[in-house]
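Contents: one structure, followed by commentary.
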Amino acid sequence: ALTGWPAKDEWDFEYLGMSNHPFIKANYPHHEGIWGWDDAADQVVMMIRNMRRSMVEYHDILWDIGYAKTWEDATKLLDDLYAARPPIEDFLAWRDLRVMDEVKWYGWFIDYWMEGGLMRDMFNNKMTTPEHWNMLMMPTAYTKAEMDYDLIVGADTVVT
C-alpha cells in the first residue's frame with residue numbers, strides 16, 4: 001500500500017510458484033512462516049505493528065481457519081476469514097496458553113531480520129546450530145521439550 005505495488009505472501013511463492021512481485025509479506029522465521037522465495041529477495045524493509053493489536057488479530061485469523069497447521073488445511077477455510085468474531089473465551093484461553101511464547105517469538109522475529117539472519121533459540125535467545133534451528137522451524141513436529149537447547153546443542157556448547 002505504500003507504493004501502489006502489490007505484495008505476495010510467502011506461502012504463495014512456495015505453493016503457487018515464483019512471480020515478479022516487488023514485495024513479499026513474510027512471517028519467516030516465525031513458525032507460521034516459510035522461506036518460500038528462494039534467493040529472489042535481497043533487501044528487507046520491516047514494518048512492525050503494535051504487538052497487543054497484532055496478537056488479537058493473529059488469534060482471530062487462527063480461529064477463522066480452525067487453527068490449521070498446514071497451508072492446504074488453511075486454504076480450505078479461507079472463505080471463513082473475517083466472517084465472524086471468535087468468542088472472547090476462545091481468545092483468553094489461547095492467550096493464557098501462548099502469550100509468553102508469542103512475545104518471545106515477536107522479539108526473535110525482529111532480531112532475525114535486523115541481525116542479518118542470526119539463528120537464535122527463541123526460548124533462551126542463545127545462538128544456535130543449523131540442526132537446532134531447523135527443528136525450531138517445525139514446532140508441530142517436536143514438543144518444546146524435544147527442542148530443548150541443552151538437549152540438542154548442549155549446555156556447555158558455544159555457538160559462534
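Labeling convention for the C-alpha cells: chains A, B, ... as they appear, residues from 1 per chain, ligands from 1 in order of appearance.
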Q: Write out as an MDAnalysis selection string which residues come within 9 Å of A:Ala41 when counting only C-alpha atoms, dropping same-chain ones fewer than 6 positions away.
A: chainID A and resid 22:24
Q. Which parts of chain A does DSSP call alpha helix (DSSP H) when run on the backbone here, written out as a PyMOL selection string?
A. chain A and resi 10-16+51-64+71-76+88-114+130-136+149-152
Q.
Neighbouring residues of A:Val159 were defined as those with any atom within 10 Å, considering only C-alpha atoms; residues of the same chain fewer than 5 positions away were excluded. Please report them as a VMD selection string.
A. chain A and resid 119 to 120 126 to 129 153 to 154
Q) With only C-alpha atoms as the basis for distance, which of A:Lys144, A:Lys76, A:Lys69, A:Arg53 is at the shortest distance from A:Asp101? A) A:Lys144
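Near A:Trp5, within a cut-off of 12 Å and counting only C-alpha atoms, sit the residues A:Ala1, A:Leu2, A:Thr3, A:Ala7, A:Lys8, A:Asn20, A:His21, A:Pro22, A:Phe23, A:Ile24, with same-chain residues fewer than 2 positions away left out.
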Can you write just those residues out, N, CA and C atoms, as a compact mmCIF listing (two decimals), in the first residue's frame?
# COMPACT_ATOMS: atom_id res chain seq x y z
N ALA A 1 0.81 -1.19 0.00
CA ALA A 1 0.00 0.00 0.00
C ALA A 1 0.86 1.26 0.00
N LEU A 2 2.09 1.15 0.44
CA LEU A 2 2.95 2.33 0.48
C LEU A 2 3.33 2.82 -0.91
N THR A 3 3.44 1.90 -1.85
CA THR A 3 3.93 2.25 -3.18
C THR A 3 2.90 2.07 -4.28
N ALA A 7 1.95 -6.84 -3.09
CA ALA A 7 2.81 -7.75 -2.32
C ALA A 7 2.29 -9.16 -2.54
N LYS A 8 3.15 -10.12 -2.34
CA LYS A 8 2.76 -11.52 -2.44
C LYS A 8 3.15 -12.21 -1.14
N ASN A 20 6.90 -12.18 -10.48
CA ASN A 20 7.59 -10.90 -10.37
C ASN A 20 6.79 -9.94 -9.50
N HIS A 21 6.89 -10.11 -8.20
CA HIS A 21 6.26 -9.21 -7.24
C HIS A 21 7.36 -8.51 -6.46
N PRO A 22 7.33 -7.20 -6.38
CA PRO A 22 8.44 -6.48 -5.73
C PRO A 22 8.45 -6.57 -4.21
N PHE A 23 7.34 -7.00 -3.60
CA PHE A 23 7.27 -7.05 -2.14
C PHE A 23 6.76 -8.41 -1.70
N ILE A 24 7.33 -8.90 -0.61
CA ILE A 24 6.92 -10.17 -0.04
C ILE A 24 6.46 -9.91 1.39
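Of the listed residues A:Ala83, A:Met55, A:Ala155, A:Met137, the one whose atoms come nearest to A:Val103 is A:Met55, with distances taken using only C-alpha atoms.
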Q) Nearest to A:Arg98 among A:Val56, A:Met147, A:Met47, A:Val158, with distances taken over only C-alpha atoms: which residue is it? A) A:Val56
